[in-house]
Amino acid sequence: MNVLKRAPGLMQVTAAALMLLLGAVSAQAASVYVKTNEAEIRNGTRLSSPVVARAPRGAALTVIEDGRLRVKVRTPNGVEGYVARTMVQDAPVSGGKGALGGFVVEDRGPSEMRSAASGRGLMEAAEEMAEKENIDPRAVEMARQMERNGLAISESDVETFARQGGI
Amino acid sequence: MSRIMRKNFLPRMAGLGVVAVMAMTVAACSTTQLEQTTNLVSSAVGIDDPEKAQQIKQIGGGVTSVASSAAPLSFESERALGGGIAIKAFDQIGPMYPDENLQRYVNLVGRVVAAQSSRPDIPYAFAVIDSPVPNAFAGPGGYIFVTSGSLRFMSNEAELAGVLAHEVAHVTELHMVKTWRRGNFLQGVSEVASAADEDAAEYSAAIDQATDTLFNKGLDKNFEYEADMVGLDLAALAGYDPAGLPNFLKKLASATDKRGGWYSTHPPLTERINRLNQQAASLGVSGIQQADRYYQNAGRLFAGQ
């Protein structure tokens, strides 16, 4: 009888231990890792929501609530906000390889990228090809104009445009 | 100065051959042999990052994977290749549409969706090409094109955002770079910098292959489906109605003339529309359409219609 009485007790203890173990596993918060050069964390889900933190490539962010488009996260400094799903991945970023997976050197910050794109002679190979193949010089000038059009727009222009459009 | 720089000095195909033989050998090696082989593979494909070399060791016989992880292209190289495609686009598809305000507007809409992407810091450049054939395509490094023929099928900014987001996704997911790698173009190339006759042919061949793909044959259909999926999320993240792209495609599908452009370079519209509608519904978000601002900026395209 004693054994029979104790047996359920043991089972209960075991079950409780298992519950605790499973609880501990599930309580261990999941993380996502920044795969862009830097990810903006906003205090809301709109494009116009203020940025409350910026996290560099590789940073681990604790997941509070996962979503298809955005993840609600907590930074190591305890700041909470939303990050776009496109800018984070579930696996840690290894060897500095983030969004581009080794096919292309990972992107740098916006000012460095702009400077790289407007660097003197960057289209040199393309323009030499055009000359060699007798391509209409107006096509080359249009490609240059296209670059200038893109570079002429600042980040604040984009923000203003988004705000005016009610985005 | 060489136009195309390699981290190794092996001829392209010879280098690949060495990698293939080594990769097949890896599976049967001891640990020490593996390390030695890894080092050999690293030098053969120009990988000086020990981690990448380690991945080659793990990949074993995956020659395609080995090749794809060899010598990542710099952004400057992507841009130089994209610039070549831009010149060909204006030469072969049509000139830039002569409306500065419209060009700026399309750049602004494109930048709003690109800011949500996994490559938000690229200085994207968008252009409207004056061509009646509805089409849109993207070159590496952030050069994105949409024809005036496409814009005439649109009736709000959300549809434009959907199309541009699809093209931004081709850039962020490196679809043209991956197509080159699959076709053994630019293998082992890390930098496309300046001029040299010996490499000019390889640069031109890569551009020709890209323009044939983008202007005529179309990318791998799985790349198109991926661009649809990623692009729809980008448009929704930006705050646009996620149904913008499928709504635009529905109008294309009902057009009487289905020759060229979008019809020949993209997978069947019905399948894409079904997938996109399902995805848009599953997001459970609405978003703005902005018909007024679209017609304010693109209205000239509709004059006389």
# chains A, B, ... in the order shown; residues from 1 in each chain; ligands from 1
>>> interface_residues(of="chain B", to="chain A", cutoff="7 Å", atoms="only C-alpha atoms", output="PyMOL selection string")
chain B and resi 3+51+68-69+72-76+79-80+83-84+86-87+90-91+96+104+107-108+111-112+116-119+121-127+193-195+204+233+237-239+288
>>> write_last_selection(atoms="N, CA and C atoms", output="compact mmCIF listing (two decimals), in the first residue's frame")
# COMPACT_ATOMS: atom_id res chain seq x y z
N ARG B 3 40.41 45.44 -65.61
CA ARG B 3 39.00 45.78 -65.45
C ARG B 3 38.34 44.86 -64.43
N GLU B 51 36.54 31.05 -42.37
CA GLU B 51 35.19 30.53 -42.15
C GLU B 51 34.57 30.04 -43.45
N SER B 68 29.48 29.55 -55.52
CA SER B 68 28.74 30.73 -55.11
C SER B 68 29.37 31.41 -53.91
N SER B 69 30.12 30.65 -53.10
CA SER B 69 30.71 31.30 -51.95
C SER B 69 32.13 31.78 -52.24
N PRO B 72 33.17 36.94 -52.96
CA PRO B 72 31.97 37.79 -53.04
C PRO B 72 32.25 39.08 -53.78
N LEU B 73 31.28 39.49 -54.58
CA LEU B 73 31.42 40.74 -55.35
C LEU B 73 31.34 41.94 -54.40
N SER B 74 32.10 42.97 -54.69
CA SER B 74 31.97 44.21 -53.93
C SER B 74 30.74 44.97 -54.44
N PHE B 75 30.24 45.89 -53.64
CA PHE B 75 29.10 46.70 -54.08
C PHE B 75 29.48 47.52 -55.31
N GLU B 76 30.71 48.03 -55.32
CA GLU B 76 31.16 48.82 -56.47
C GLU B 76 31.07 47.99 -57.76
N ARG B 79 27.51 47.62 -58.85
CA ARG B 79 27.08 48.89 -59.43
C ARG B 79 27.63 49.04 -60.85
N ALA B 80 28.89 48.65 -61.04
CA ALA B 80 29.48 48.76 -62.39
C ALA B 80 28.74 47.85 -63.37
N GLY B 83 25.33 49.38 -63.98
CA GLY B 83 25.47 50.54 -64.88
C GLY B 83 25.50 50.10 -66.34
N GLY B 84 26.17 48.99 -66.61
CA GLY B 84 26.22 48.46 -67.98
C GLY B 84 24.82 48.07 -68.45
N ALA B 86 22.06 49.37 -67.35
CA ALA B 86 21.29 50.61 -67.52
C ALA B 86 21.52 51.21 -68.91
N ILE B 87 22.77 51.24 -69.32
CA ILE B 87 23.08 51.79 -70.65
C ILE B 87 22.36 50.99 -71.74
N PHE B 90 18.51 51.73 -71.84
CA PHE B 90 18.14 52.96 -72.54
C PHE B 90 18.41 52.85 -74.04
N ASP B 91 19.35 52.01 -74.41
CA ASP B 91 19.67 51.82 -75.83
C ASP B 91 18.68 50.88 -76.51
N MET B 96 14.78 57.46 -71.59
CA MET B 96 14.17 57.87 -70.32
C MET B 96 12.94 58.71 -70.63
N ARG B 104 11.20 61.78 -60.52
CA ARG B 104 11.42 62.00 -59.08
C ARG B 104 10.36 61.27 -58.24
N ASN B 107 11.09 57.62 -58.11
CA ASN B 107 12.22 57.41 -57.20
C ASN B 107 11.77 57.46 -55.74
N LEU B 108 10.88 58.41 -55.42
CA LEU B 108 10.42 58.53 -54.03
C LEU B 108 9.61 57.32 -53.59
N ARG B 111 11.97 54.43 -53.15
CA ARG B 111 12.80 54.55 -51.95
C ARG B 111 12.01 54.23 -50.68
N VAL B 112 10.73 54.56 -50.67
CA VAL B 112 9.91 54.25 -49.49
C VAL B 112 9.86 52.73 -49.27
N GLN B 116 12.45 49.53 -46.45
CA GLN B 116 11.97 48.42 -45.59
C GLN B 116 12.73 47.13 -45.87
N SER B 117 13.64 47.16 -46.84
CA SER B 117 14.22 45.91 -47.32
C SER B 117 15.45 45.49 -46.52
N SER B 118 15.99 44.34 -46.88
CA SER B 118 17.21 43.86 -46.22
C SER B 118 18.44 44.59 -46.75
N ARG B 119 18.26 45.45 -47.76
CA ARG B 119 19.37 46.30 -48.23
C ARG B 119 18.87 47.75 -48.28
N ASP B 121 20.29 50.48 -47.41
CA ASP B 121 21.30 51.54 -47.54
C ASP B 121 21.86 51.71 -48.94
N ILE B 122 21.44 50.87 -49.88
CA ILE B 122 21.89 51.04 -51.26
C ILE B 122 21.31 52.34 -51.82
N PRO B 123 22.10 53.13 -52.55
CA PRO B 123 21.52 54.30 -53.20
C PRO B 123 20.76 53.88 -54.47
N TYR B 124 19.54 53.44 -54.29
CA TYR B 124 18.72 52.95 -55.42
C TYR B 124 18.49 54.07 -56.43
N ALA B 125 18.41 53.69 -57.70
CA ALA B 125 18.07 54.64 -58.75
C ALA B 125 16.94 54.02 -59.58
N PHE B 126 15.84 54.74 -59.68
CA PHE B 126 14.67 54.24 -60.43
C PHE B 126 14.50 55.10 -61.67
N ALA B 127 14.04 54.48 -62.74
CA ALA B 127 13.81 55.25 -63.97
C ALA B 127 12.58 54.73 -64.70
N ALA B 193 36.57 46.84 -61.85
CA ALA B 193 37.05 48.18 -61.52
C ALA B 193 37.31 49.05 -62.73
N SER B 194 38.39 48.82 -63.41
CA SER B 194 38.73 49.71 -64.52
C SER B 194 39.11 48.92 -65.75
N ALA B 195 39.76 49.56 -66.68
CA ALA B 195 39.85 48.99 -68.02
C ALA B 195 41.04 48.08 -68.27
N SER B 204 31.62 42.29 -70.98
CA SER B 204 30.56 42.42 -72.00
C SER B 204 29.69 41.17 -72.07
N ASP B 233 5.60 41.87 -49.09
CA ASP B 233 5.87 42.23 -47.69
C ASP B 233 6.46 43.64 -47.59
N LEU B 237 4.93 46.56 -45.47
CA LEU B 237 5.72 47.18 -44.41
C LEU B 237 5.75 48.70 -44.55
N ALA B 238 5.80 49.16 -45.80
CA ALA B 238 5.84 50.60 -46.05
C ALA B 238 4.50 51.26 -45.74
N GLY B 239 3.44 50.47 -45.67
CA GLY B 239 2.13 51.03 -45.37
C GLY B 239 1.20 51.09 -46.56
N ILE B 288 -2.60 52.13 -47.52
CA ILE B 288 -3.10 53.20 -48.38
C ILE B 288 -2.95 52.84 -49.87
>>> closest_residue(among="B:Pro242, B:Pro268, B:Gly299, B:Gly183", to="Val285 (chain B)", atoms="only C-alpha atoms")
B:Pro242
>>> select_by_dssp(residues="chain A", states="helix (DSSP H, G or I)", output="ChimeraX atom specification")
/A:2-27,85-87,110-117,124-132,137-151,155-164
>>> select_by_dssp(residues="region 156-245 of chain B", states="strand (DSSP E or B)", output="ChimeraX atom specification")
/B:189-192,240
>>> atom_distance(atom1="CA of Ala280 (chain B)", atom2="CA of Ala235 (chain B)")
10.4 Å
>>> residues_around(residues="Ala243 (chain B)", least_positions_apart="3", cutoff="12 Å", atoms="only C-alpha atoms", output="ChimeraX atom specification")
/B:156-163,228-229,231-236,239-240,246-250,273-289
>>> residues_around(residues="Tyr82 (chain A)", least_positions_apart="2", cutoff="6 Å", atoms="only C-alpha atoms", output="list in words")
Ile41, Arg42, Val71 and Lys72 of chain A
>>> write_last_selection(atoms="N, CA, C and O atoms", output="PDB file, in the first residue's frame")
ATOM      1  N   ILE A  41      14.767  50.362 -34.827  1.00  0.00           N
ATOM      2  CA  ILE A  41      13.699  49.797 -33.990  1.00  0.00           C
ATOM      3  C   ILE A  41      12.764  50.949 -33.652  1.00  0.00           C
ATOM      4  O   ILE A  41      13.209  51.984 -33.143  1.00  0.00           O
ATOM      5  N   ARG A  42      11.496  50.790 -34.021  1.00  0.00           N
ATOM      6  CA  ARG A  42      10.520  51.882 -33.869  1.00  0.00           C
ATOM      7  C   ARG A  42       9.529  51.573 -32.759  1.00  0.00           C
ATOM      8  O   ARG A  42       9.290  50.406 -32.452  1.00  0.00           O
ATOM      9  N   VAL A  71       8.680  42.231 -35.954  1.00  0.00           N
ATOM     10  CA  VAL A  71       8.892  41.498 -34.713  1.00  0.00           C
ATOM     11  C   VAL A  71       8.999  42.526 -33.595  1.00  0.00           C
ATOM     12  O   VAL A  71       9.735  43.514 -33.727  1.00  0.00           O
ATOM     13  N   LYS A  72       8.238  42.295 -32.520  1.00  0.00           N
ATOM     14  CA  LYS A  72       8.385  43.171 -31.349  1.00  0.00           C
ATOM     15  C   LYS A  72       9.563  42.629 -30.545  1.00  0.00           C
ATOM     16  O   LYS A  72       9.591  41.446 -30.198  1.00  0.00           O
TER      17      LYS A  72
END
>>> residues_around(residues="region 207-209 of chain B", least_positions_apart="4", cutoff="7 Å", atoms="only C-alpha atoms", output="compact mmCIF listing (two decimals) with C-alpha atoms, in the first residue's frame")
# COMPACT_ATOMS: atom_id res chain seq x y z
CA LEU B 81 27.57 45.77 -63.77
CA GLY B 84 26.22 48.46 -67.98
CA ILE B 85 22.68 47.07 -67.90
CA TYR B 203 32.46 42.04 -68.72
CA THR B 213 17.69 37.39 -69.36
>>> atom_distance(atom1="CA of Phe145 (chain B)", atom2="CA of Glu78 (chain B)")
16.2 Å
>>> atom_distance(atom1="CA of Ala200 (chain B)", atom2="CA of Asn134 (chain A)")
14.5 Å
>>> closest_residue(among="B:Pro95, B:Ala115, B:Ala89, B:Val168", to="Ser156 (chain A)", atoms="only C-alpha atoms")
B:Ala115
>>> decode(residues="region 114-154 of chain A", atoms="N, CA and C atoms", output="compact mmCIF listing (two decimals), in the first residue's frame")
# COMPACT_ATOMS: atom_id res chain seq x y z
N ARG A 114 26.43 55.58 -50.53
CA ARG A 114 26.21 56.69 -51.47
C ARG A 114 27.54 57.14 -52.06
N SER A 115 28.52 57.21 -51.20
CA SER A 115 29.83 57.66 -51.67
C SER A 115 30.42 56.63 -52.65
N ALA A 116 30.20 55.34 -52.38
CA ALA A 116 30.69 54.29 -53.29
C ALA A 116 30.00 54.40 -54.64
N ALA A 117 28.69 54.71 -54.61
CA ALA A 117 27.91 54.77 -55.86
C ALA A 117 28.26 56.01 -56.68
N SER A 118 28.64 57.08 -55.99
CA SER A 118 28.94 58.31 -56.74
C SER A 118 30.44 58.44 -56.99
N GLY A 119 31.19 57.39 -56.63
CA GLY A 119 32.65 57.43 -56.80
C GLY A 119 33.04 57.67 -58.24
N ARG A 120 34.10 58.44 -58.41
CA ARG A 120 34.55 58.79 -59.76
C ARG A 120 34.95 57.53 -60.52
N GLY A 121 34.48 57.41 -61.73
CA GLY A 121 34.91 56.31 -62.58
C GLY A 121 34.22 54.98 -62.30
N LEU A 122 33.20 55.01 -61.45
CA LEU A 122 32.55 53.74 -61.11
C LEU A 122 31.90 53.09 -62.32
N MET A 123 31.36 53.92 -63.21
CA MET A 123 30.72 53.37 -64.41
C MET A 123 31.72 53.23 -65.56
N GLU A 124 33.00 53.34 -65.22
CA GLU A 124 34.02 53.34 -66.27
C GLU A 124 33.92 52.10 -67.16
N ALA A 125 33.82 50.94 -66.55
CA ALA A 125 33.74 49.70 -67.34
C ALA A 125 32.53 49.73 -68.26
N ALA A 126 31.40 50.24 -67.73
CA ALA A 126 30.17 50.30 -68.53
C ALA A 126 30.33 51.28 -69.70
N GLU A 127 30.94 52.41 -69.43
CA GLU A 127 31.08 53.42 -70.49
C GLU A 127 32.07 52.97 -71.56
N GLU A 128 33.10 52.26 -71.14
CA GLU A 128 34.05 51.72 -72.14
C GLU A 128 33.37 50.68 -73.02
N MET A 129 32.52 49.86 -72.41
CA MET A 129 31.76 48.87 -73.18
C MET A 129 30.91 49.60 -74.22
N ALA A 130 30.26 50.68 -73.79
CA ALA A 130 29.38 51.44 -74.68
C ALA A 130 30.17 52.02 -75.85
N GLU A 131 31.35 52.51 -75.55
CA GLU A 131 32.18 53.10 -76.61
C GLU A 131 32.62 52.03 -77.61
N LYS A 132 33.06 50.90 -77.06
CA LYS A 132 33.54 49.81 -77.91
C LYS A 132 32.42 49.27 -78.80
N GLU A 133 31.19 49.23 -78.26
CA GLU A 133 30.06 48.65 -79.02
C GLU A 133 29.27 49.71 -79.78
N ASN A 134 29.83 50.93 -79.84
CA ASN A 134 29.18 52.03 -80.57
C ASN A 134 27.74 52.26 -80.13
N ILE A 135 27.51 52.17 -78.83
CA ILE A 135 26.16 52.44 -78.31
C ILE A 135 25.93 53.94 -78.34
N ASP A 136 24.72 54.33 -78.68
CA ASP A 136 24.34 55.74 -78.75
C ASP A 136 24.76 56.47 -77.46
N PRO A 137 25.58 57.53 -77.57
CA PRO A 137 26.02 58.25 -76.35
C PRO A 137 24.84 58.79 -75.53
N ARG A 138 23.68 58.97 -76.16
CA ARG A 138 22.53 59.46 -75.38
C ARG A 138 22.08 58.41 -74.35
N ALA A 139 22.27 57.13 -74.67
CA ALA A 139 21.92 56.07 -73.71
C ALA A 139 22.85 56.13 -72.50
N VAL A 140 24.13 56.44 -72.75
CA VAL A 140 25.09 56.57 -71.64
C VAL A 140 24.71 57.76 -70.77
N GLU A 141 24.36 58.87 -71.41
CA GLU A 141 23.98 60.06 -70.65
C GLU A 141 22.72 59.80 -69.82
N MET A 142 21.79 59.04 -70.37
CA MET A 142 20.56 58.72 -69.60
C MET A 142 20.88 57.86 -68.37
N ALA A 143 21.82 56.94 -68.53
CA ALA A 143 22.23 56.11 -67.37
C ALA A 143 22.86 57.00 -66.30
N ARG A 144 23.66 57.98 -66.74
CA ARG A 144 24.26 58.92 -65.77
C ARG A 144 23.17 59.75 -65.09
N GLN A 145 22.20 60.19 -65.90
CA GLN A 145 21.10 60.99 -65.35
C GLN A 145 20.29 60.19 -64.33
N MET A 146 20.10 58.91 -64.65
CA MET A 146 19.36 58.02 -63.73
C MET A 146 20.08 57.97 -62.38
N GLU A 147 21.41 57.85 -62.42
CA GLU A 147 22.18 57.84 -61.16
C GLU A 147 22.03 59.15 -60.41
N ARG A 148 22.13 60.25 -61.15
CA ARG A 148 22.00 61.57 -60.50
C ARG A 148 20.62 61.72 -59.87
N ASN A 149 19.57 61.27 -60.58
CA ASN A 149 18.21 61.37 -60.05
C ASN A 149 18.08 60.63 -58.72
N GLY A 150 18.69 59.44 -58.65
CA GLY A 150 18.61 58.65 -57.43
C GLY A 150 19.37 59.32 -56.29
N LEU A 151 20.58 59.78 -56.60
CA LEU A 151 21.42 60.38 -55.56
C LEU A 151 20.89 61.73 -55.08
N ALA A 152 20.06 62.37 -55.90
CA ALA A 152 19.54 63.70 -55.54
C ALA A 152 18.51 63.62 -54.41
N ILE A 153 17.99 62.42 -54.16
CA ILE A 153 16.93 62.28 -53.15
C ILE A 153 17.53 61.86 -51.81
N SER A 154 17.29 62.69 -50.78
CA SER A 154 17.86 62.40 -49.46
C SER A 154 16.87 61.56 -48.64
